[in-house]
Amino acid sequence: MPSRDAAIVAFLASNGWNNASRSTLADDASFRRYERISDGGRTVVLMDAPPPKEDVRPFTKIAGHLIELGFSAPRILAEDSETGLLLLEDFGDDTFTRALASAPETEWEALEERLYASATDVLSDLHNRSGEDALPVNLPRYTMDRYLDEVLLLTDWYQPAITGQVISAENRAAYTTAWQGALKPVLATEPTLVLRDYHVDNLVWLPSRDGVQRCGLLDFQDALAGPAAYDLMSLLEDARRDIRLALRDRMWRRYISAMPNLREPGPARDQFETVFAILAAQRHAKVIGIFTRLCVRDAKPDYLVHIPRVWKLLEANLRHPALASVAEWMNTHLPADRRGIPNSAMAET
C-alpha cells in the first residue's frame, strides 16, 4: 500500500499539479490537515482527511449546498473520496482571527465590528430561508442521543482528569437525566442548517466580494439539521477568544432585528433565548471535554489554555432557570475548585 505522501503526490499529479510546491497551512483539532499548493501564480488548498478517521464526502455535499445558496464556501476543484483528498478553492490566509491580529490598533474595533456583522448576516440570511431551501437533502438531525453523547465528554474525559477518579455509573446517569430534561425545548425547535463550528477561526474575510459572500465559510463537514440559535451562540460565545459584551449585544440585536419572528418581544423570542442558553451550556460542556481529550488522547495540549474561559461561559449559562438541574449536578460533582486546567491531563502529554 502506498504511503500517505505518495498518495498525495499521485493525486496532485493526476490533477495537473505535479510541478507544484507544497507548504503546510494548518493542522486541525480532528485528523485533517491542510496544505497550500502553488504553481506559478495559481494556488489551491489540499485537504488531507485520511479514511477511516475522516470522510470528505460530507464536506463536499455541504460546500455545494452553501454555494448554491449564494454563500462563500470553497469550490471543490478535485476529489478523491476513497483516499480522503480534496483540492479546494484558496480563500487566502485572512481568517477573521488573523485579520484582527494584523489590523492596526486604530482600525481594530471597526474591523471587528465589520467581521462580526458579516458573520451575523450570513446566519440571518440562512435562517430566513424556508427549511426546505436551507437544508441539504437527507441531512442528519441533531438528536437527543447526539446532544447527550457530546455533554458526556465532560464526565468521561474532563472529570477523571480533574479529580483523578472515573465517574461512577450512578453519577453519570444522574448527569444524563439532568441534561435530558434541559434539552427538551431544544428538540422542539424547527430545524435549519447548523454548521456547528461557526467561529472566527473558521471564517475568512473576503472584502473584495459583496454582501454575505464577504464571509468565507470553512470547517462545516459536521453540519446537521438543528436549532437556529446554535451557530449564533457558537459565534458569540467563542471558546477561543474573549468577546466584548457591547459587541456581543450589538450582534445579538442585529440578528434579532433581521428575523421577522423574533423582532417583537413574545413567546418566540423567549423560546429562542432559552434555547440559546441551553445550547451554550451544552456546547461549553462538550468543548471542555474535547479540549481535555485532545490533550490526554491526542497529545494536543494547546487547547487546555481555553478551559478557564469556557468554564466562565458555562457558569453564566447555568444560571438560566431551564438549566437548574444541570447546575445542581455541576455544583455537587464539579464545584468551583474543580473548574480549571486539569494537572493530570498535562501529565499525560
# chains A, B, ... in the order shown; residues from 1 in each chain; ligands from 1

call {"tool": "select_by_dssp", "arguments": {"residues": "segment 6-106 of chain A", "states": "alpha helix (DSSP H)", "output": "list in words"}}
result
Ala6, Ala7, Ile8, Val9, Ala10, Phe11, Leu12, Ala13, Ser14, Arg57, Pro58, Phe59, Thr60, Lys61, Ile62, Ala63, Gly64, His65, Leu66, Ile67, Glu68, Phe96, Thr97, Arg98, Ala99, Leu100, Ala101 and Ser102 of chain A

call {"tool": "residues_around", "arguments": {"residues": "His306 of chain A", "least_positions_apart": "4", "cutoff": "7 Å", "atoms": "only C-alpha atoms", "output": "PyMOL selection string"}}
result
chain A and resi 239-240+310

call {"tool": "atom_distance", "arguments": {"atom1": "atom CA of Val44 of chain A", "atom2": "atom CA of Val200 of chain A"}}
result
21.4 Å

call {"tool": "closest_residue", "arguments": {"among": "A:Val296, A:Val151, A:Ala182, A:Ala246", "to": "Thr274 of chain A", "atoms": "only C-alpha atoms"}}
result
A:Ala182

call {"tool": "closest_atom_pairs", "arguments": {"of": "segment 99-184 of chain A", "to": "segment 284-289 of chain A", "cutoff": "8 Å", "atoms": "only C-alpha atoms", "output": "tab-separated table"}}
result
residue	atom	partner	partner_atom	distance
A:Glu150	CA	A:Lys286	CA	5.1
A:Val151	CA	A:Lys286	CA	4.8
A:Leu152	CA	A:Lys286	CA	7.2
A:Leu153	CA	A:Gly289	CA	4.5
A:Leu154	CA	A:Gly289	CA	4.1
A:Thr155	CA	A:Gly289	CA	7.4
A:Asp156	CA	A:Gly289	CA	7.5
A:Trp157	CA	A:Gly289	CA	5.5
A:Tyr158	CA	A:Gly289	CA	5.1

call {"tool": "closest_residue", "arguments": {"among": "A:His333, A:Ala178, A:Phe272, A:Phe11", "to": "Gln165 of chain A", "atoms": "only C-alpha atoms"}}
result
A:His333

call {"tool": "closest_residue", "arguments": {"among": "A:Glu113, A:Leu217, A:Ala161, A:Leu224", "to": "Arg244 of chain A", "atoms": "only C-alpha atoms"}}
result
A:Glu113

call {"tool": "residues_around", "arguments": {"residues": "Phe291 of chain A", "least_positions_apart": "5", "cutoff": "8 Å", "atoms": "only C-alpha atoms", "output": "list in words"}}
result
Pro301, Tyr303, Leu304 and Ile307 of chain A

call {"tool": "closest_residue", "arguments": {"among": "A:Leu195, A:Glu237, A:Thr163, A:Pro52", "to": "Asp337 of chain A", "atoms": "only C-alpha atoms"}}
result
A:Thr163

call {"tool": "closest_residue", "arguments": {"among": "A:His127, A:Arg250, A:Arg172, A:Arg114", "to": "Phe96 of chain A", "atoms": "only C-alpha atoms"}}
result
A:Arg114

call {"tool": "closest_residue", "arguments": {"among": "A:Leu86, A:Ile62, A:Ser118, A:Gly164", "to": "Asn138 of chain A", "atoms": "only C-alpha atoms"}}
result
A:Ile62

call {"tool": "atom_distance", "arguments": {"atom1": "atom CA of Arg22 of chain A", "atom2": "atom CA of Leu77 of chain A"}}
result
16.7 Å

call {"tool": "select_by_dssp", "arguments": {"residues": "segment 117-265 of chain A", "states": "strand (DSSP E)", "output": "PyMOL selection string"}}
result
chain A and resi 192-194+203-205+215-217+224-226

call {"tool": "write_last_selection", "arguments": {"atoms": "C-alpha atoms", "output": "compact mmCIF listing (two decimals), in the first residue's frame"}}
result
# COMPACT_ATOMS: atom_id res chain seq x y z
CA THR A 192 -32.31 24.68 9.96
CA LEU A 193 -28.75 24.13 8.71
CA VAL A 194 -26.33 24.16 11.65
CA LEU A 203 -14.41 32.29 8.88
CA VAL A 204 -12.33 34.04 6.20
CA TRP A 205 -12.54 37.74 5.38
CA CYS A 215 -17.65 35.97 4.88
CA GLY A 216 -15.87 32.82 3.69
CA LEU A 217 -17.02 29.61 5.37
CA LEU A 224 -26.54 18.90 10.97
CA ALA A 225 -30.18 19.96 10.90
CA GLY A 226 -30.85 21.66 14.21

call {"tool": "atom_distance", "arguments": {"atom1": "atom CA of Leu88 of chain A", "atom2": "atom CA of Pro74 of chain A"}}
result
5.8 Å

call {"tool": "closest_atom_pairs", "arguments": {"of": "segment 157-243 of chain A", "to": "segment 262-271 of chain A", "cutoff": "12 Å", "atoms": "only C-alpha atoms", "output": "CSV"}}
result
residue,atom,partner,partner_atom,distance
A:Lys184,CA,A:Gln271,CA,11.7
A:Pro185,CA,A:Gln271,CA,7.9
A:Val186,CA,A:Gln271,CA,9.0
A:Leu187,CA,A:Gln271,CA,11.7
A:Ala188,CA,A:Gln271,CA,9.9
A:Thr189,CA,A:Gln271,CA,8.8
A:Glu190,CA,A:Ala268,CA,11.5
A:Pro227,CA,A:Gln271,CA,11.1
A:Ala228,CA,A:Gln271,CA,11.5
A:Ala229,CA,A:Gln271,CA,10.1

call {"tool": "write_last_selection", "arguments": {"atoms": "N, CA and C atoms", "output": "mmCIF file, in the first residue's frame"}}
result
data_model
loop_
_atom_site.group_PDB
_atom_site.id
_atom_site.type_symbol
_atom_site.label_atom_id
_atom_site.label_comp_id
_atom_site.auth_asym_id
_atom_site.auth_seq_id
_atom_site.Cartn_x
_atom_site.Cartn_y
_atom_site.Cartn_z
ATOM 1 N N LYS A 184 -35.107 19.261 26.322
ATOM 2 C CA LYS A 184 -36.406 19.087 25.665
ATOM 3 C C LYS A 184 -36.841 20.296 24.836
ATOM 4 N N PRO A 185 -36.705 21.546 25.319
ATOM 5 C CA PRO A 185 -37.088 22.687 24.485
ATOM 6 C C PRO A 185 -36.275 22.801 23.195
ATOM 7 N N VAL A 186 -35.031 22.336 23.222
ATOM 8 C CA VAL A 186 -34.165 22.391 22.035
ATOM 9 C C VAL A 186 -34.715 21.498 20.931
ATOM 10 N N LEU A 187 -35.175 20.316 21.310
ATOM 11 C CA LEU A 187 -35.674 19.362 20.322
ATOM 12 C C LEU A 187 -37.007 19.789 19.728
ATOM 13 N N ALA A 188 -37.689 20.745 20.347
ATOM 14 C CA ALA A 188 -38.980 21.204 19.850
ATOM 15 C C ALA A 188 -38.853 22.307 18.807
ATOM 16 N N THR A 189 -37.637 22.757 18.510
ATOM 17 C CA THR A 189 -37.454 23.855 17.570
ATOM 18 C C THR A 189 -37.482 23.364 16.118
ATOM 19 N N GLU A 190 -37.851 24.281 15.218
ATOM 20 C CA GLU A 190 -37.837 23.980 13.788
ATOM 21 C C GLU A 190 -36.385 23.899 13.317
ATOM 22 N N PRO A 227 -31.210 23.554 15.712
ATOM 23 C CA PRO A 227 -31.756 24.859 16.097
ATOM 24 C C PRO A 227 -30.967 26.030 15.509
ATOM 25 N N ALA A 228 -31.689 27.066 15.089
ATOM 26 C CA ALA A 228 -31.039 28.248 14.527
ATOM 27 C C ALA A 228 -30.123 28.928 15.541
ATOM 28 N N ALA A 229 -30.426 28.810 16.817
ATOM 29 C CA ALA A 229 -29.628 29.502 17.833
ATOM 30 C C ALA A 229 -28.209 28.962 17.936
#
